[in-house]
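Read through the structure below, which is laid out as structure tokens, and then see the notes.
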Amino acid sequence: MEGKAMPRDWIAEARMIAADIAAHADRHDAEESFVAEGYARLKQAGFFKALVPEALGGGSADFADVCGAIRVLGAACGSTALAFSMHTHLVAAAAWRLKHQDAPTEGLLRRVAAEELILVSSGGSDWLESAGIAEKVEGGFRITARKPFSSGCELGDLLMTSAVYDDPEAGPTVLHFGVPLRAEGVAITDSWHVLGMRGTGSHDLMLDGLFVADAAISGRRPQGKWHMLFHVISMIAFAAIYSAYMGVADGARRRALEIARTRRPDSHLLQRIGEMENAHAAADMAMREMIAIAAGGAPGPVTTSRAMTCRTLLGDAAIGTVSRAMDVAGGAGFYRKAGLERAFRDVQGARFHPLQREPQQVLAARVALGLDIDG
């Protein structure tokens, strides 16, 4: 009788990849070049189809394991982890919607597995309002838009995006669709010149007269209003995205402790380490809560508010961890060779994903008071 096959250890495989790509991270940061080696290794190992159900040709990986893998990657190369997380959350949401809502995402998931597609998201820059104009033409829509923060677009295959159609009956309506990155009317701009996460290749994408057929429109929703799709996204996506920042914090903490062990542990150094440890523990607790919400939550305002609260807490604590790691390292941390200044710059990206602090706090208040979250 043959034994049951052992499940893949995605986190262990991520550790091997992380060891290889760590050597390239500084170069990509300095050159502002895309982390192609990391993407190649992840694709070779099947990570881009990891969350696709096995019945559809994927790896049926556990979501928590893939978040753990992103965290491991983030400690070695934040840009690889963050860019990969953007693909990951799209696949995770599609798989969840197929399983729990019988949504028509099976075709996309089969293509991700069979064609080893790399998905690119514009959701962070669009969010509830979306951006761009959809003009109705015969057989479909003509799209004109600029889509910032399109992480991984240099090696991406399919852009998952949206635009606004001024529906004469329903009013401003957001149309959701996917479009090949190499389609006529899609162009990558050389725009990603930034403080940190420089290797993600998060350039602006220009959609100039792009034709999208009626049949390619996968969803419609009122502009600027919370929709069940965004409750699903909020529940799942940010656990994956913020795993990258958690990994950056892990790496900075580890390096700071290595430096600290070469010194005499006086009271000031111990105080700094203790502060770093508290910040890191707070980030880790928020991370675990986000993964638990993604794994077992029910999408809706309460779950969205809880996930977004964790997003703010984790972001603050990850930034705090790296900042305190700089204090622990002292002057040594100011040198690029220490590896902390890149982490300090990379982790600042945690500030800018939706929902940012002020709208997140407003959402939390409205949910606590039982108010309409669209008010």
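Numbering starts fresh at 1 for the residues of each chain in the structure tokens, the chains themselves are lettered A, B, ... in the order given, and ligands are numbered from 1 as they appear.
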message = as a PyMOL selection string, please: every residue in stretch 115-352 of chain A that a backbone DSSP assignment puts in strand (DSSP E).
response = chain A and resi 119-121+133-137+140-147+158-167+171-180+186-188+205-213+217-222
Could the residues in this selection be saved with C-alpha atoms as a CSV table (one decimal), in the first residue's frame?
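So out11.csv came out as:
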```csv
chain,number,residue,atom,x,y,z
A,119,LEU,CA,-1.0,38.5,-12.8
A,120,VAL,CA,-0.5,42.3,-12.2
A,121,SER,CA,-2.8,44.3,-10.0
A,133,ILE,CA,-12.4,56.3,-18.6
A,134,ALA,CA,-14.4,53.6,-20.3
A,135,GLU,CA,-16.1,54.8,-23.4
A,136,LYS,CA,-18.9,52.6,-24.9
A,137,VAL,CA,-18.2,51.5,-28.5
A,140,GLY,CA,-17.2,46.7,-26.0
A,141,PHE,CA,-15.4,49.6,-24.4
A,142,ARG,CA,-12.5,51.9,-25.3
A,143,ILE,CA,-10.3,52.4,-22.2
A,144,THR,CA,-8.1,55.4,-21.5
A,145,ALA,CA,-6.2,55.3,-18.2
A,146,ARG,CA,-3.0,55.6,-16.3
A,147,LYS,CA,-2.4,52.8,-13.7
A,158,LEU,CA,-2.3,39.8,-17.4
A,159,LEU,CA,-3.3,43.1,-15.9
A,160,MET,CA,-6.3,42.9,-13.6
A,161,THR,CA,-7.7,46.4,-13.6
A,162,SER,CA,-10.8,48.6,-13.9
A,163,ALA,CA,-12.1,51.8,-15.4
A,164,VAL,CA,-15.2,54.0,-14.9
A,165,TYR,CA,-18.1,54.0,-17.4
A,166,ASP,CA,-20.6,56.8,-17.1
A,167,ASP,CA,-23.6,54.6,-17.5
A,171,GLY,CA,-24.5,56.4,-13.2
A,172,PRO,CA,-20.7,56.1,-12.8
A,173,THR,CA,-20.0,52.4,-12.9
A,174,VAL,CA,-16.7,50.7,-12.3
A,175,LEU,CA,-16.0,48.0,-14.9
A,176,HIS,CA,-13.5,45.2,-13.9
A,177,PHE,CA,-11.5,43.3,-16.6
A,178,GLY,CA,-8.3,41.6,-17.3
A,179,VAL,CA,-6.0,42.6,-20.3
A,180,PRO,CA,-2.8,41.1,-21.6
A,186,VAL,CA,-0.9,49.0,-23.2
A,187,ALA,CA,2.4,50.6,-22.5
A,188,ILE,CA,4.8,50.5,-19.6
A,205,LEU,CA,0.9,51.5,-17.1
A,206,MET,CA,-0.7,53.6,-19.9
A,207,LEU,CA,-3.9,52.3,-21.4
A,208,ASP,CA,-4.4,54.4,-24.5
A,209,GLY,CA,-7.5,53.5,-26.5
A,210,LEU,CA,-7.4,49.9,-25.3
A,211,PHE,CA,-10.4,47.9,-26.6
A,212,VAL,CA,-12.1,45.6,-24.1
A,213,ALA,CA,-14.9,43.4,-25.4
A,217,ILE,CA,-16.0,42.6,-18.5
A,218,SER,CA,-15.9,40.4,-15.4
A,219,GLY,CA,-17.7,42.7,-13.0
A,220,ARG,CA,-19.6,46.0,-12.5
A,221,ARG,CA,-20.2,48.0,-9.4
A,222,PRO,CA,-21.2,51.6,-8.4
```
query = Any idea what's packed within 8 Å of A:Val52, counting only C-alpha atoms, ignoring anything in its chain fewer than 3 positions away? Could you give it as number ranges by chain?
reply = A: 49, 56-61, 91-92, 95, 109-110, 112-113
Restricting the output to all heavy atoms, write the selected residues as a compact mmCIF listing (two decimals), in the first residue's frame.
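The resulting out22.txt:
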```
# COMPACT_ATOMS: atom_id res chain seq x y z
N LYS A 49 1.51 29.45 -9.24
CA LYS A 49 0.27 28.67 -9.28
C LYS A 49 0.03 27.91 -7.98
O LYS A 49 -0.83 27.04 -7.91
CB LYS A 49 0.28 27.71 -10.46
CG LYS A 49 1.45 26.72 -10.48
CD LYS A 49 1.39 25.88 -11.76
CE LYS A 49 2.58 24.92 -11.84
NZ LYS A 49 2.56 24.12 -13.09
N LEU A 56 -7.54 22.10 -10.55
CA LEU A 56 -7.43 23.01 -11.69
C LEU A 56 -6.00 23.12 -12.18
O LEU A 56 -5.70 23.97 -13.02
CB LEU A 56 -7.96 24.40 -11.29
CG LEU A 56 -9.40 24.45 -10.78
CD1 LEU A 56 -9.80 25.90 -10.47
CD2 LEU A 56 -10.36 23.83 -11.79
N GLY A 57 -5.13 22.27 -11.66
CA GLY A 57 -3.75 22.24 -12.13
C GLY A 57 -2.75 22.94 -11.25
O GLY A 57 -1.57 23.04 -11.62
N GLY A 58 -3.18 23.42 -10.09
CA GLY A 58 -2.28 24.17 -9.21
C GLY A 58 -1.72 23.34 -8.08
O GLY A 58 -1.80 22.11 -8.06
N GLY A 59 -1.14 24.06 -7.10
CA GLY A 59 -0.47 23.39 -5.99
C GLY A 59 -1.28 23.21 -4.75
O GLY A 59 -0.83 22.57 -3.80
N SER A 60 -2.51 23.80 -4.71
CA SER A 60 -3.39 23.69 -3.53
C SER A 60 -2.66 24.04 -2.24
O SER A 60 -2.86 23.41 -1.20
CB SER A 60 -4.00 22.28 -3.42
OG SER A 60 -5.06 22.12 -4.34
N ALA A 61 -1.80 25.03 -2.31
CA ALA A 61 -1.05 25.43 -1.12
C ALA A 61 -1.96 26.09 -0.10
O ALA A 61 -2.97 26.71 -0.45
CB ALA A 61 0.07 26.39 -1.51
N VAL A 91 -4.69 35.72 -7.03
CA VAL A 91 -5.01 34.30 -7.15
C VAL A 91 -5.76 33.82 -5.91
O VAL A 91 -6.74 33.07 -6.01
CB VAL A 91 -3.73 33.48 -7.36
CG1 VAL A 91 -4.05 31.98 -7.42
CG2 VAL A 91 -3.02 33.91 -8.64
N ALA A 92 -5.33 34.27 -4.74
CA ALA A 92 -5.98 33.85 -3.50
C ALA A 92 -7.44 34.29 -3.47
O ALA A 92 -8.34 33.51 -3.08
CB ALA A 92 -5.24 34.43 -2.29
N ALA A 95 -9.48 32.17 -5.95
CA ALA A 95 -9.72 30.82 -5.43
C ALA A 95 -10.77 30.84 -4.33
O ALA A 95 -11.64 29.96 -4.26
CB ALA A 95 -8.41 30.22 -4.92
N LEU A 109 -8.25 30.78 -13.06
CA LEU A 109 -7.37 29.93 -12.26
C LEU A 109 -6.75 28.82 -13.11
O LEU A 109 -5.57 28.49 -12.95
CB LEU A 109 -8.15 29.34 -11.08
CG LEU A 109 -8.59 30.35 -10.02
CD1 LEU A 109 -9.59 29.72 -9.06
CD2 LEU A 109 -7.38 30.89 -9.26
N ARG A 110 -7.53 28.24 -14.01
CA ARG A 110 -6.98 27.22 -14.90
C ARG A 110 -5.88 27.81 -15.78
O ARG A 110 -4.85 27.17 -16.02
CB ARG A 110 -8.09 26.63 -15.78
CG ARG A 110 -9.02 25.68 -15.06
CD ARG A 110 -9.95 24.98 -16.04
NE ARG A 110 -10.88 24.09 -15.38
CZ ARG A 110 -10.60 22.83 -15.02
NH1 ARG A 110 -9.38 22.34 -15.25
NH2 ARG A 110 -11.51 22.09 -14.43
N VAL A 112 -3.96 30.42 -15.07
CA VAL A 112 -2.78 30.69 -14.24
C VAL A 112 -1.94 29.43 -14.10
O VAL A 112 -0.70 29.48 -14.19
CB VAL A 112 -3.21 31.23 -12.85
CG1 VAL A 112 -2.04 31.23 -11.89
CG2 VAL A 112 -3.79 32.63 -12.97
N ALA A 113 -2.60 28.29 -13.88
CA ALA A 113 -1.88 27.03 -13.72
C ALA A 113 -1.30 26.52 -15.03
O ALA A 113 -0.12 26.19 -15.12
CB ALA A 113 -2.80 25.99 -13.09
```
message = Just checking: using only C-alpha atoms, which residue out of A:Gly320, A:Gly132, A:Gly201, A:Gly156 ends up closest to A:Leu82?
response = A:Gly201
message = Could you check the closest approach to A:Val367 for each of A:Arg306, A:His203, A:His227, A:Arg71 and tell me which residue wins, using only C-alpha atoms?
response = A:Arg306
Give me the residues of stretch 110-154 of chain A that have any atom at most 12 Å from an atom of stretch 12-36 of chain A; for each, the nearest atom pair and the distance in Å, rounded to one decimal. Use only C-alpha atoms, sort by chain and number, and format it as CSV.
```
residue,atom,partner,partner_atom,distance
A:Ser151,CA,A:Phe34,CA,9.6
A:Gly152,CA,A:Phe34,CA,7.7
A:Cys153,CA,A:Phe34,CA,9.4
A:Glu154,CA,A:Phe34,CA,7.5
```
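For the choices A:Gly296, A:Pro53, A:Pro301, A:Gly333, the atom-to-atom distance to A:Arg255 is smallest for A:Gly333 when using only C-alpha atoms.
Between atom CA of A:Thr80 and atom CA of A:Glu37 there is a distance of 8.9 Å.
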message = Could you list, as a VMD selection string, every residue within 9 Å of A:Asp316, counting only C-alpha atoms and ignoring same-chain residues fewer than 6 positions away?
response = chain A and resid 279 283 350 to 351
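Taking atom CA of A:Ala307 and atom CA of A:Trp127 as the two end points, the separation is 15.7 Å.
If you look at atom CA of A:Leu269 and atom CA of A:Phe334, they are 16.7 Å away from each other.
Closest approach to A:Gly247 among A:Leu155, A:Ala69, A:Leu369, A:Ile293: A:Ala69, based on only C-alpha atoms.
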